[in-house]
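A.B. asks: Sharing a structure with you now.
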Protein chains: 2
Amino acid sequence: MTVPPTFFPVSGARLVATYDLAGSPEAARLRAESIAVEQTIEFPADLVADDDIRGHIIGRIEALERVDDDRSRARISYAVETIGGELPQLLNVLFGNCSLFPGVRLVGLDLPPELLATLPGPRYGIDGLRRLFDAPTRPLLATALKPMGRSSEALAEVASILAAGGIDIIKDDHSLANQPFAPYAERVRACAAAVRRANDESGGRSIYLPALNGPVDELLERARLARDAGAGGLLVLPGLAGMDVIRWLAESDEIGLPIMAHPAFLGSLVVGEDAGIEHGLLFGTLFRLAGADLAVFPSYGGRFSFSIEACASIAHASAAPLGDKPASVPAPGGGMTLDRLDELVAFYGPDVALLVGGDLHRGDLLANVRRMRAAVDSVASPVRAGAPGTGGAGP
Amino acid sequence: MTVPPTFFPVSGARLVATYDLAGSPEAARLRAESIAVEQTIEFPADLVADDDIRGHIIGRIEALERVDDDRSRARISYAVETIGGELPQLLNVLFGNCSLFPGVRLVGLDLPPELLATLPGPRYGIDGLRRLFDAPTRPLLATALKPMGRSSEALAEVASILAAGGIDIIKDDHSLANQPFAPYAERVRACAAAVRRANDESGGRSIYLPALNGPVDELLERARLARDAGAGGLLVLPGLAGMDVIRWLAESDEIGLPIMAHPAFLGSLVVGEDAGIEHGLLFGTLFRLAGADLAVFPSYGGRFSFSIEACASIAHASAAPLGDKPASVPAPGGGMTLDRLDELVAFYGPDVALLVGGDLHRGDLLANVRRMRAAVDSVASPVRAGAPGTGGAGP
């Protein structure tokens with residue numbers, strides 16, 4: 001029995017992934033070679049008889065640089081045909097099997113136009129959200145409905161206060177799913193109606209984003225219910241639902257709502273310094289390519305561990321040139337407090353959604369919300385000219 | 001404005017998660033307290049006025065033991081009502097936000113009957129697969145169609161050889177998606193037909209499992225196409241598609257096929273010793289609860305890094321008592337070779353699917369496949385009595 005030969009077209013277009021590799025320069029070279037194979041043919045390279053596969057399908061080491069004695073950086077390119085134009089397989093080629101190697105961290109990505117064209121990017125992005133909220137220059141404001149355990153009625157009442165005070169983005173806590181104390185359909189209808197009534201009274205434009213935290217076979221139904229109830233956006237948990245859920249919703253003209261992505265269950269991808277995916281690449285570039293308008297992440301100085309450098313990288317990647325994709329909006333949260341708003345705006349710049357949760361509830365909620373809104377209303381941003389990073393997010 | 005009080009029923013049933021916490025005993029105590037809050041109400045505990053939420057919804061530290069000066073182990077319980085009976089939220093409560101804490105590793109899980117009843121477990125499991133393959137005692141055999149770049153026709157020809165030689169489980173390489181050289185529909189129809197023809201000729205019962213590696217909004221269509229084409233199972237990538245895809249397919253009477261789960265993109269959850277999820281808990285318990293019949297993982301001694309202890313833990317968790325859930329089947333792969341079959345069977349026991357990929361192609365494929373089958377046909381397993389771990393997978 002013989003296996004027939006393989007014929008296929010290759011365009012020559014390639015994407016390039018950059019990996020930091022722990023270990024000696026020689027160990028890194030062997031690791032780079034193994035990644036080139038592991039992420040594509042996953043087959044002993046010496047057994048591949050087909051010249052097309054050897055020449056085009058196996059990853060190609062474009063560069064390998066020694067960073068120091070214990071670390072090297074490899075640029076490995078892959079034919080766009082290995083992706084097949086689908087986001088899950090793009091992520092698979094970038095980091096599927098090599099997530100299982102210790103000491104491999106994905107730190108960079110360059111996509112050719114052929115691949116960029118297959119990814120939606122944000123439907124709204126910073127400019128679309130600024131139009132939606134009639135907020136041409138100021139930082140956007142976000143918060144979460146919590147705590148879990150409250151009834152739908154109680155959460156809706158909180159939502160109405162938050163909207164009355166001028167919070168733009170009122171999302172479900174990501175842990176709100178379909179629990180008995182606030183079942184999804186009941187909660188979403190109650191909270192969307194409460195925000196709509198508050199907007200009607202105040203002339204505001206607040207939106208409510210239910211957490212689309214549910215069974216995969218109910219996501220479409222839940223998204224439709226949210227849209228029909230008047231929810232103004234959706235909170236998506238790609239670490240649990242898969243990154244492609246962002247892409248699907250961002251591309252859906254039927255749903256058509258802003259997408260906010262939450263980092264739940266994704267921490268293991270970023271917390272190890274020698275492994276996983278670099279913060280800006282994951283929460284900036286990849287979230288944005290998939291179509292997230294807003295990327296929630298735990299800011300430096302809160303309850304979590306992200307460094308200032310990691311947060312700057314996320315903010316930078318949210319707005320850096322990426323084909324024709326609109327800039328996404330970083331939404332730093334995770335224990336932010338009202339007394340840090342000025343500092344956060346100075347750091348992230350005006351193209352940000354400041355996410356303050358529990359601290360708004362310390363004392364009078366409505367007064368705190370108004371204070372939060374006043375703090376950003378005073379931020380003038382005359383320099384905003386669409387340039388990435390303008391006005392913030394050093395280093 | 002006042003927020004109305006919250007009323008909800010609590011059954012008193014709780015699940016218990018066990019976490020290893022890095023740092024001093026005092027740091028671990030503070031971390032355990034923060035996890036109890038972070039995984040539930042995500043809200044300053046001192047601001048929660050509601051006694052029901054304080055008493056029932058916030059996680060409860062049931063035990064905190066010092067392992068050594070730099071590590072403690074905490075058992076934290078959560079009310080079953082926090083889960084709402086849905087797998088994504090179960091994973092969220094177990095490890096959603098605390099994945100973002102450094103030094104937190106989820107190492108154990110005890111579910112009460114109320115929650116176990118909401119999770120399907122494997123539709124087939126080891127006993128169902130043994131019936132399917134008419135293989136009452138021997139180890140099962142698995143391999144992958146590769147390399148990426150071959151045409152559908154070429155892959156189908158390989159599949160026919162693998163089936164003729166007696167491989168039970170012939171899966172797509174996990175990187176086969178919908179690429180131009182072997183588009184999904186064409187490939188699945190060709191490979192399923194090739195395996196059926198080979199079975200007809202040999203009297204064998206081999207099955208072909210296409211990789212369900214595609215857009216979330218096409219998964220159902222692709223699963224139906226696979227079933228209609230005669231594919232005997234499905235390969236699922238929960239790290240990319242979300243763990244709930246396993247649950248959905250396992251519960252689907254319409255699809256009704258065995259599910260093999262692949263670890264792509266999940267490596268970051270396990271490779272860090274101080275973070276992520278313990279190997280057996282992820283690839284054994286959680287995969288099995290979700291409904292995976294077979295769990296692929298990289299065995300010790302291959303191209304990856306899993307330790308002997310990690311592999312033993314996966315094998316143990318695949319068969320340990322877990323309510324009424326059938327045992328799943330560990331499928332150790334990642335560079336396994338024919339000359340190690342006896343060792344692998346001695347280690348994992350007979351309730352295993354030995355996954356050999358590239359090494360089958362070293363020399364004559366059909367001869368190698370027959371050698372692989374002969375090696376397991378000679379394994380007598382008279383002791384198999386349904387007891388977990390019988391016959392292998394020490395320590």
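Going by the structure tokens order, chains are called A, B, ..., each with residues numbered from 1, while ligands are numbered from 1 in the order shown.
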Name the residues in contact with range 175-177 of chain B at a cut-off of 9 Å, using only C-alpha atoms, excluding same-chain residues fewer than 2 positions from it; report them as a PyMOL selection string.
C.D. replies: (chain A and resi 39-42+82-84+86+88-89+92-93+96) or (chain B and resi 145-149+172-173+179+182-184+210-214)
A.B. asks: Include C-alpha atoms and write out the residues we just selected as a short mmCIF file (atom, residue, chain, number, x, y, z; two decimals), in the first residue's frame.
C.D. replies:
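As written to disk, again_20.cif reads:
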data_model
loop_
_atom_site.label_atom_id
_atom_site.label_comp_id
_atom_site.auth_asym_id
_atom_site.auth_seq_id
_atom_site.Cartn_x
_atom_site.Cartn_y
_atom_site.Cartn_z
CA GLN A 39 2.99 23.33 16.12
CA THR A 40 2.50 22.05 12.60
CA ILE A 41 3.10 18.49 11.47
CA GLU A 42 3.70 16.94 14.92
CA THR A 82 -1.78 25.99 8.26
CA ILE A 83 -4.44 28.19 9.85
CA GLY A 84 -7.26 27.57 7.43
CA GLU A 86 -10.08 30.05 11.61
CA PRO A 88 -9.10 28.39 17.05
CA GLN A 89 -6.53 26.93 14.69
CA ASN A 92 -3.50 26.25 18.13
CA VAL A 93 -0.59 26.92 15.77
CA GLY A 96 -1.51 24.69 21.22
CA LEU B 145 -3.69 10.96 11.04
CA LYS B 146 -0.80 13.21 10.08
CA PRO B 147 1.10 15.16 8.98
CA MET B 148 -0.77 18.36 8.28
CA GLY B 149 -0.30 19.22 4.62
CA ASP B 172 -7.21 13.40 13.19
CA ASP B 173 -4.08 15.15 14.31
CA GLN B 179 -7.13 23.87 5.83
CA ALA B 182 -7.66 18.76 3.49
CA PRO B 183 -10.88 20.70 4.11
CA TYR B 184 -13.00 19.40 6.96
CA PRO B 210 -12.28 13.95 13.19
CA ALA B 211 -10.84 16.93 14.99
CA LEU B 212 -13.71 19.22 15.91
CA ASN B 213 -11.30 22.14 15.68
CA GLY B 214 -13.36 24.93 14.20
#
A.B. asks: Compile the contact shell of range 364-376 of chain A as a list of chain:residue names: residues with an atom at most 8 Å away, counting only C-alpha atoms, same-chain residues fewer than 3 positions apart removed.
C.D. replies: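 Here the qualifying residues turn out to be A:Arg138, A:Pro139, A:Leu140, A:Leu141, A:Ile161, A:Leu162, A:Ala164, A:Gly165, A:Gly166, A:Ile167, A:Leu338, A:Leu341, A:Asp342, A:Leu360, A:His361, A:Val379.
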A.B. asks: Of the candidates A:Leu249, A:Ala327, A:Ile76, A:Ile126, which shows the shortest atom-to-atom distance to Arg31 in chain A, using only C-alpha atoms?
C.D. replies: A:Ile76
A.B. asks: Out of range 158-349 of chain A, which residues get strand (DSSP E) from DSSP, as a ChimeraX atom specification?
C.D. replies: /A:169-172,207-209,234-236,259-261,276-277,294-298,329-333
A.B. asks: In Å to one decimal, how far is CA of Leu235 in chain A from CA of Cys98 in chain A?
C.D. replies: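 It comes out at 29.1 Å.
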A.B. asks: Taking the DSSP assignment computed from this structure's backbone, write out as a compact mmCIF listing (two decimals) with C-alpha atoms, in the first residue's frame all residues of range 50-231 of chain B that belong to alpha helix (DSSP H).
C.D. replies:
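Once everything was written out, this is selection.txt:
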# COMPACT_ATOMS: atom_id res chain seq x y z
CA ASP B 51 -26.51 37.67 56.36
CA ASP B 52 -27.48 35.06 53.78
CA LEU B 87 -20.13 23.55 34.01
CA PRO B 88 -18.57 26.89 32.97
CA GLN B 89 -19.61 28.45 36.26
CA LEU B 90 -18.34 25.42 38.18
CA LEU B 91 -14.92 25.96 36.61
CA ASN B 92 -15.27 29.68 37.27
CA VAL B 93 -15.91 29.17 40.97
CA LEU B 94 -13.10 26.65 41.24
CA PHE B 95 -10.43 28.65 39.44
CA PRO B 113 -24.42 14.45 44.72
CA GLU B 114 -26.50 17.51 43.77
CA LEU B 115 -23.68 18.77 41.55
CA LEU B 116 -22.50 15.41 40.28
CA GLY B 125 -16.21 5.22 29.39
CA ILE B 126 -13.88 2.26 29.52
CA ASP B 127 -16.65 -0.33 29.61
CA GLY B 128 -18.57 1.21 26.73
CA LEU B 129 -15.45 1.47 24.61
CA ARG B 130 -14.49 -2.12 25.37
CA ARG B 131 -17.90 -3.21 24.12
CA LEU B 132 -17.60 -0.97 21.07
CA SER B 152 -7.76 14.25 2.24
CA GLU B 153 -7.11 11.38 -0.15
CA ALA B 154 -3.66 10.77 1.31
CA LEU B 155 -4.95 10.91 4.87
CA ALA B 156 -7.76 8.52 4.01
CA GLU B 157 -5.26 6.08 2.54
CA VAL B 158 -3.25 6.24 5.75
CA ALA B 159 -6.46 5.72 7.74
CA SER B 160 -7.28 2.61 5.77
CA ILE B 161 -3.89 1.11 6.57
CA LEU B 162 -4.24 1.93 10.25
CA ALA B 163 -7.68 0.35 10.36
CA ALA B 164 -6.57 -2.71 8.40
CA GLY B 165 -3.82 -3.28 10.92
CA TYR B 184 -13.00 19.40 6.96
CA ALA B 185 -16.00 18.05 5.06
CA GLU B 186 -13.91 16.42 2.34
CA ARG B 187 -11.43 14.94 4.80
CA VAL B 188 -14.03 13.61 7.21
CA ARG B 189 -16.03 11.92 4.48
CA ALA B 190 -12.93 10.42 2.91
CA CYS B 191 -11.40 9.15 6.14
CA ALA B 192 -14.65 7.81 7.57
CA ALA B 193 -15.32 5.95 4.34
CA ALA B 194 -11.80 4.56 4.25
CA VAL B 195 -12.08 3.21 7.79
CA ARG B 196 -15.49 1.70 7.06
CA ARG B 197 -14.15 -0.06 3.98
CA ALA B 198 -11.17 -1.37 5.92
CA ASN B 199 -13.48 -2.64 8.67
CA ASP B 200 -15.67 -4.34 6.09
CA GLU B 201 -12.67 -6.15 4.69
CA SER B 202 -11.05 -7.08 7.97
CA LEU B 219 -19.29 22.98 15.78
CA LEU B 220 -22.77 21.49 15.72
CA GLU B 221 -22.82 21.37 11.95
CA ARG B 222 -19.38 19.75 11.89
CA ALA B 223 -20.37 17.21 14.53
CA ARG B 224 -23.46 16.32 12.51
CA LEU B 225 -21.43 16.01 9.34
CA ALA B 226 -19.03 13.68 11.14
CA ARG B 227 -21.83 11.50 12.47
CA ASP B 228 -23.56 11.42 9.10
CA ALA B 229 -20.30 10.48 7.38
A.B. asks: Need the shell around range 243-246 of chain A: protein/DNA/RNA residues with any atom at most 9 Å away, counting only C-alpha atoms. Skip same-chain ones fewer than 2 positions apart. Format as a VMD selection string?
C.D. replies: (chain A and resid 86 to 88 91 219 236 to 241 248 to 251 259 to 261 286 to 287 290 to 292) or (chain B and resid 214 to 217 240 to 242)
A.B. asks: Write to file, as an mmCIF file, in the first residue's frame, the residues of the selection just made, with N, CA and C atoms.
C.D. replies:
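Below is the file again.cif, written as the result:
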data_model
loop_
_atom_site.group_PDB
_atom_site.id
_atom_site.type_symbol
_atom_site.label_atom_id
_atom_site.label_comp_id
_atom_site.auth_asym_id
_atom_site.auth_seq_id
_atom_site.Cartn_x
_atom_site.Cartn_y
_atom_site.Cartn_z
ATOM 1 N N GLU A 86 -9.211 30.186 10.424
ATOM 2 C CA GLU A 86 -10.080 30.054 11.605
ATOM 3 C C GLU A 86 -9.308 30.357 12.881
ATOM 4 N N LEU A 87 -9.931 31.139 13.753
ATOM 5 C CA LEU A 87 -9.245 31.594 14.964
ATOM 6 C C LEU A 87 -8.781 30.462 15.881
ATOM 7 N N PRO A 88 -9.606 29.443 16.154
ATOM 8 C CA PRO A 88 -9.098 28.394 17.049
ATOM 9 C C PRO A 88 -7.803 27.765 16.526
ATOM 10 N N LEU A 91 -4.801 30.044 17.113
ATOM 11 C CA LEU A 91 -4.309 29.917 18.489
ATOM 12 C C LEU A 91 -3.605 28.581 18.691
ATOM 13 N N LEU A 219 -25.543 29.708 24.343
ATOM 14 C CA LEU A 219 -24.971 31.058 24.250
ATOM 15 C C LEU A 219 -25.730 31.931 23.252
ATOM 16 N N VAL A 236 -18.133 38.579 27.994
ATOM 17 C CA VAL A 236 -17.772 37.239 27.542
ATOM 18 C C VAL A 236 -16.567 36.750 28.332
ATOM 19 N N LEU A 237 -16.542 35.449 28.611
ATOM 20 C CA LEU A 237 -15.453 34.852 29.386
ATOM 21 C C LEU A 237 -14.675 33.892 28.488
ATOM 22 N N PRO A 238 -13.730 34.371 27.719
ATOM 23 C CA PRO A 238 -13.069 33.496 26.739
ATOM 24 C C PRO A 238 -12.260 32.370 27.369
ATOM 25 N N GLY A 239 -11.816 32.532 28.605
ATOM 26 C CA GLY A 239 -11.082 31.448 29.248
ATOM 27 C C GLY A 239 -11.969 30.239 29.519
ATOM 28 N N LEU A 240 -13.242 30.452 29.605
ATOM 29 C CA LEU A 240 -14.186 29.365 29.849
ATOM 30 C C LEU A 240 -14.940 28.981 28.588
ATOM 31 N N ALA A 241 -15.279 29.950 27.776
ATOM 32 C CA ALA A 241 -16.110 29.690 26.596
ATOM 33 C C ALA A 241 -15.276 29.507 25.331
ATOM 34 N N TRP A 248 -17.083 35.174 17.152
ATOM 35 C CA TRP A 248 -18.431 34.862 16.667
ATOM 36 C C TRP A 248 -19.394 36.010 16.969
ATOM 37 N N LEU A 249 -19.376 36.477 18.196
ATOM 38 C CA LEU A 249 -20.289 37.560 18.569
ATOM 39 C C LEU A 249 -19.904 38.870 17.895
ATOM 40 N N ALA A 250 -18.608 39.120 17.759
ATOM 41 C CA ALA A 250 -18.180 40.365 17.121
ATOM 42 C C ALA A 250 -18.595 40.406 15.657
ATOM 43 N N GLU A 251 -18.607 39.236 15.024
ATOM 44 C CA GLU A 251 -18.974 39.177 13.608
ATOM 45 C C GLU A 251 -20.479 39.160 13.385
ATOM 46 N N ILE A 259 -18.587 44.049 22.837
ATOM 47 C CA ILE A 259 -18.133 42.863 23.562
ATOM 48 C C ILE A 259 -17.058 43.274 24.561
ATOM 49 N N MET A 260 -17.271 42.918 25.804
ATOM 50 C CA MET A 260 -16.274 43.103 26.854
ATOM 51 C C MET A 260 -15.768 41.723 27.243
ATOM 52 N N ALA A 261 -14.451 41.532 27.210
ATOM 53 C CA ALA A 261 -13.882 40.216 27.516
ATOM 54 C C ALA A 261 -13.267 40.234 28.906
ATOM 55 N N LEU A 286 -4.517 39.654 21.053
ATOM 56 C CA LEU A 286 -5.377 38.513 20.702
ATOM 57 C C LEU A 286 -6.842 38.804 21.007
ATOM 58 N N PHE A 287 -7.117 39.402 22.164
ATOM 59 C CA PHE A 287 -8.506 39.798 22.449
ATOM 60 C C PHE A 287 -9.024 40.723 21.337
ATOM 61 N N ALA A 290 -9.660 39.014 18.023
ATOM 62 C CA ALA A 290 -10.884 38.222 18.098
ATOM 63 C C ALA A 290 -12.123 39.099 18.014
ATOM 64 N N GLY A 291 -11.993 40.357 18.444
ATOM 65 C CA GLY A 291 -13.133 41.254 18.321
ATOM 66 C C GLY A 291 -13.621 41.868 19.615
ATOM 67 N N ALA A 292 -12.826 41.769 20.679
ATOM 68 C CA ALA A 292 -13.248 42.385 21.943
ATOM 69 C C ALA A 292 -13.136 43.902 21.823
ATOM 70 N N GLY B 214 -12.788 23.956 15.126
ATOM 71 C CA GLY B 214 -13.356 24.928 14.205
ATOM 72 C C GLY B 214 -14.107 26.021 14.938
ATOM 73 N N PRO B 215 -14.718 26.923 14.182
ATOM 74 C CA PRO B 215 -15.461 28.036 14.778
ATOM 75 C C PRO B 215 -16.599 27.527 15.660
ATOM 76 N N VAL B 216 -16.837 28.236 16.736
ATOM 77 C CA VAL B 216 -17.843 27.793 17.708
ATOM 78 C C VAL B 216 -19.217 27.696 17.068
ATOM 79 N N ASP B 217 -19.497 28.571 16.114
ATOM 80 C CA ASP B 217 -20.822 28.553 15.506
ATOM 81 C C ASP B 217 -20.936 27.524 14.391
ATOM 82 N N LEU B 240 -9.198 25.205 23.549
ATOM 83 C CA LEU B 240 -9.544 26.198 22.544
ATOM 84 C C LEU B 240 -11.050 26.405 22.451
ATOM 85 N N ALA B 241 -11.815 25.351 22.578
ATOM 86 C CA ALA B 241 -13.263 25.444 22.394
ATOM 87 C C ALA B 241 -14.012 25.631 23.702
ATOM 88 N N GLY B 242 -13.306 25.469 24.813
ATOM 89 C CA GLY B 242 -13.984 25.541 26.103
ATOM 90 C C GLY B 242 -14.377 24.144 26.569
#
